[in-house]
$ cat final37.txt   # compact mmCIF, C-alpha atoms
# COMPACT_ATOMS: atom_id res chain seq x y z
CA MET A 114 -42.18 -2.34 0.13
CA THR A 115 -45.24 -2.17 -1.93
CA ALA A 116 -47.63 0.66 -2.50
CA GLY A 117 -49.93 1.58 0.33
CA ILE A 118 -47.46 1.27 3.26
CA THR A 119 -46.48 4.59 4.79
CA LEU A 120 -43.00 5.01 6.14
CA THR A 121 -43.44 7.97 8.42
CA ASP A 122 -44.37 8.00 12.06
CA ARG A 123 -47.38 10.27 12.54
CA THR A 124 -45.95 11.94 15.65
CA ASN A 125 -42.41 12.93 14.64
CA GLY A 126 -42.17 12.35 10.85
CA THR A 127 -39.51 9.57 11.01
CA THR A 128 -39.65 6.01 9.70
CA ALA A 129 -41.14 3.59 12.21
CA GLU A 130 -39.09 0.57 13.27
CA HIS A 131 -41.63 -2.01 12.15
CA GLU A 132 -41.82 -0.39 8.71
CA LEU A 133 -38.01 -0.53 8.40
CA ALA A 134 -38.12 -4.18 9.42
CA ALA A 135 -40.70 -4.82 6.70
CA LEU A 136 -38.50 -2.93 4.24
CA GLN A 137 -35.54 -5.15 5.13
CA ARG A 138 -37.57 -8.36 4.89
CA GLU A 139 -38.88 -7.44 1.46
CA HIS A 140 -35.77 -5.89 -0.11
CA GLY A 141 -32.86 -7.10 2.07
CA ARG A 142 -31.88 -10.13 -0.04
CA PRO A 143 -31.76 -8.32 -3.40
CA LEU A 144 -29.84 -5.45 -1.76
CA PHE A 145 -27.36 -7.87 -0.23
CA ALA A 146 -26.92 -9.77 -3.50
CA LEU A 147 -26.18 -6.55 -5.41
CA LEU A 148 -23.80 -5.24 -2.77
CA LEU A 149 -22.00 -8.58 -2.47
CA ARG A 150 -21.22 -8.41 -6.21
CA LEU A 151 -20.18 -4.75 -5.98
CA SER A 152 -17.90 -5.42 -3.01
CA ASP A 153 -16.10 -8.31 -4.73
CA GLY A 154 -17.57 -11.00 -2.49
CA ASP A 155 -16.70 -9.30 0.82
CA ARG A 156 -19.70 -10.31 2.97
CA GLN A 157 -18.85 -8.00 5.85
CA ARG A 158 -18.61 -4.97 3.59
CA ALA A 159 -21.85 -5.95 1.81
CA GLU A 160 -23.68 -6.27 5.15
CA ASP A 161 -22.37 -2.87 6.24
CA LEU A 162 -23.56 -1.31 2.99
CA VAL A 163 -27.03 -2.89 3.37
CA GLN A 164 -27.26 -1.33 6.82
CA GLU A 165 -26.10 2.03 5.49
CA THR A 166 -28.72 1.84 2.72
CA LEU A 167 -31.44 1.19 5.29
CA VAL A 168 -30.13 4.07 7.41
CA ARG A 169 -30.54 6.31 4.36
CA ALA A 170 -34.09 5.05 3.95
CA TRP A 171 -34.75 5.85 7.61
CA GLN A 172 -33.24 9.34 7.18
CA HIS A 173 -35.26 10.09 4.02
CA PRO A 174 -38.77 8.67 4.44
CA GLU A 175 -40.08 11.19 1.90
CA ALA A 176 -38.10 9.42 -0.84
CA LEU A 177 -39.93 6.18 -0.09
CA ARG A 178 -43.49 7.45 -0.30
CA ALA A 179 -45.65 4.82 -1.99
CA ASP A 180 -47.70 7.47 -3.80
CA ASP A 181 -44.83 8.37 -6.13
CA PHE A 182 -44.02 4.87 -7.48
CA ASP A 183 -45.06 1.23 -7.28
CA SER A 184 -41.96 -0.07 -5.51
CA VAL A 185 -39.14 1.44 -3.47
CA ARG A 186 -36.68 -1.20 -4.69
CA PRO A 187 -35.23 0.92 -7.55
CA TRP A 188 -34.55 3.76 -5.11
CA LEU A 189 -32.93 1.37 -2.60
CA LEU A 190 -30.80 -0.30 -5.27
CA THR A 191 -29.65 3.08 -6.59
CA VAL A 192 -28.70 4.26 -3.11
CA ALA A 193 -26.90 0.96 -2.42
CA ARG A 194 -24.98 1.15 -5.72
CA ARG A 195 -23.87 4.71 -5.01
CA LEU A 196 -22.78 3.79 -1.49
CA ALA A 197 -20.75 0.87 -2.87
CA ILE A 198 -19.08 3.14 -5.42
CA ASP A 199 -18.26 5.70 -2.72
CA ALA A 200 -16.82 2.99 -0.46
CA ARG A 201 -14.63 1.64 -3.29
CA ARG A 202 -13.35 5.12 -4.11
CA ALA A 203 -12.57 5.77 -0.45
CA ARG A 204 -10.59 2.52 -0.22
CA GLN A 205 -8.64 3.37 -3.37
CA ALA A 206 -7.82 6.85 -2.09
CA ARG A 207 -6.12 5.44 1.03
CA PRO A 208 -2.85 3.57 0.90
CA ALA A 209 -3.16 -0.17 1.39
CA GLU A 210 -3.05 -1.31 5.00
CA VAL A 211 -0.01 -3.34 5.91
CA GLY A 212 0.25 -5.86 8.72
CA ASP A 213 3.06 -5.84 11.28
CA ALA A 214 4.68 -8.94 9.79
CA VAL A 215 5.17 -7.19 6.46
CA LEU A 216 6.81 -4.19 8.12
CA GLU A 217 9.19 -6.38 10.11
CA ASN A 218 10.38 -8.10 6.93
CA ALA A 219 10.61 -4.92 4.86
CA ARG A 220 14.02 -4.05 3.49
CA VAL A 221 15.58 -1.11 5.28
CA CYS A 222 17.14 1.41 2.93
CA ALA A 223 20.29 3.12 4.07
CA ASP A 224 20.05 6.79 4.81
CA HIS A 225 21.50 9.06 2.11
CA ALA A 226 23.56 10.91 4.71
CA GLU A 227 25.08 7.63 5.93
CA ARG A 228 26.01 6.64 2.38
CA ALA A 229 27.59 10.05 1.75
CA ALA A 230 29.62 9.84 4.97
CA ALA A 231 30.78 6.32 4.10
CA ALA A 232 31.84 7.48 0.63
CA LEU A 233 33.89 10.29 2.18
CA ASP A 234 35.53 7.83 4.59
CA VAL A 235 36.44 5.48 1.73
CA ARG A 236 37.88 8.35 -0.35
CA GLU A 237 40.10 9.45 2.52
CA ALA A 238 41.21 5.85 3.11
CA VAL A 239 42.03 5.30 -0.57
CA LYS A 240 44.27 8.40 -0.46
CA THR A 241 46.44 6.64 2.15
CA LEU A 242 47.30 3.80 -0.28
CA THR A 243 50.44 3.73 -2.39
CA PRO A 244 49.92 4.97 -5.96
CA GLU A 245 50.36 1.43 -7.37
CA HIS A 246 47.74 -0.05 -5.05
CA ARG A 247 45.40 2.89 -5.65
CA GLU A 248 45.62 2.47 -9.47
CA VAL A 249 44.71 -1.22 -9.29
CA LEU A 250 41.90 -0.64 -6.79
CA VAL A 251 40.36 2.16 -8.86
CA LEU A 252 40.49 0.12 -12.07
CA VAL A 253 39.23 -3.18 -10.66
CA TYR A 254 36.75 -2.14 -7.95
CA PHE A 255 35.56 1.35 -8.89
CA GLN A 256 35.65 1.19 -12.69
CA GLY A 257 34.75 -2.50 -12.92
CA ALA A 258 37.67 -3.60 -15.09
CA SER A 259 38.59 -7.26 -15.15
CA VAL A 260 42.02 -8.40 -13.95
CA ALA A 261 43.15 -8.87 -17.58
CA GLU A 262 41.88 -5.40 -18.57
CA ALA A 263 43.60 -3.77 -15.58
CA ALA A 264 46.83 -5.64 -16.37
CA ALA A 265 46.72 -4.45 -19.98
CA ALA A 266 45.94 -0.86 -18.98
CA LEU A 267 48.74 -0.71 -16.41
CA GLY A 268 51.22 -2.80 -18.40
CA ILE A 269 51.80 -5.31 -15.60
CA PRO A 270 51.14 -9.07 -15.32
CA PRO A 271 47.67 -10.25 -14.12
CA GLY A 272 49.24 -11.88 -11.04
CA THR A 273 50.61 -8.50 -9.97
CA VAL A 274 47.15 -6.93 -10.37
CA LYS A 275 45.71 -9.63 -8.11
CA SER A 276 48.35 -9.24 -5.42
CA ARG A 277 48.15 -5.43 -5.44
CA ALA A 278 44.35 -5.60 -5.16
CA TYR A 279 44.69 -8.03 -2.24
CA TYR A 280 47.18 -5.83 -0.37
CA ALA A 281 45.19 -2.67 -1.14
CA LEU A 282 42.03 -4.18 0.39
CA ARG A 283 44.03 -5.39 3.39
CA ALA A 284 45.37 -1.88 3.94
CA LEU A 285 41.85 -0.45 3.67
CA ARG A 286 40.61 -2.90 6.31
CA ARG A 287 43.21 -1.54 8.72
CA VAL A 288 42.29 2.09 7.96
CA LEU A 289 38.50 1.47 7.97
CA PRO A 290 37.89 -0.97 10.84
CA GLY A 291 34.13 -0.23 10.97
CA TYR A 292 33.75 -1.22 7.31
CA ALA A 293 35.75 -4.45 7.45
CA ALA A 294 32.67 -6.64 6.85
CA ASP A 295 31.88 -4.72 3.66
CA LEU A 296 35.40 -5.15 2.24
CA ARG A 297 35.45 -8.97 2.28
$ encode --input "final37.txt" --output "structure tokens"
Amino acid sequence: MTAGITLTDRTNGTTAEHELAALQREHGRPLFALLLRLSDGDRQRAEDLVQETLVRAWQHPEALRADDFDSVRPWLLTVARRLAIDARRARQARPAEVGDAVLENARVCADHAERAAAALDVREAVKTLTPEHREVLVLVYFQGASVAEAAAALGIPPGTVKSRAYYALRALRRVLPGYAADLR
């Protein structure tokens, strides 16, 4: 708006509708262009911020008095810029929204209590094995030794390590029927 246009209604001190319409016609495009850049090209957000800027102008007609300055555009652009900054900060403070499809495909992490219970079950099952089978199983599966390393550590042939590991796992499958899929 240019100098000489009053923005207050004489009866109740608020901005008149036709004056706000004139304000939008004169300053709407530059406001939208600024807010479109500040909202990273999001047209909907920019339009919302233009409306919020005009609401602020409607709420504060004293700030738009033509007597104080030649144009209200600097005030409008400053208000718009501050609103855009506030909106960006608010979005960054909230966690990102996730659609239903992402949640359905999200990896489910096992509960710590379930893992602890499974570990206790496996420990008890390993105690039921013969000492020879238990030695091979501990070396190969729990300590990560290769067949050759386990054979050297136990002083037995590699074929014996393989067969003992096979029979140890088979015995565990019988003792832990609920975990059979995990032991294959």
$ atom_distance --input "final37.txt" --atom1 "atom CA of A:Val163" --atom2 "atom CA of A:Gly141"
7.3 Å
$ closest_residue --input "final37.txt" --among "A:Ala134, A:Ala193, A:Val288, A:Ala264" --to "A:Glu245" --atoms "all atoms listed in the file"
A:Ala264
$ atom_distance --input "final37.txt" --atom1 "atom CA of A:Ala159" --atom2 "atom CA of A:Leu144"
8.8 Å
$ atom_distance --input "final37.txt" --atom1 "atom CA of A:Arg156" --atom2 "atom CA of A:Arg207"
20.9 Å
$ residues_around --input "final37.txt" --residues "A:Glu160" --least-positions-apart "6" --cutoff "12 Å" --atoms "only C-alpha atoms" --output "MDAnalysis selection string"
chainID A and resid 137 141:152 154 166:167 193 197
$ axis_aligned_box --input "final37.txt" --around "stretch 139-144 of chain A" --padding-each-side "6 Å" --output "lines of an AutoDock Vina configuration file"
center_x = -34.4
center_y = -7.8
center_z = -0.7
size_x = 21.0
size_y = 16.7
size_z = 17.5
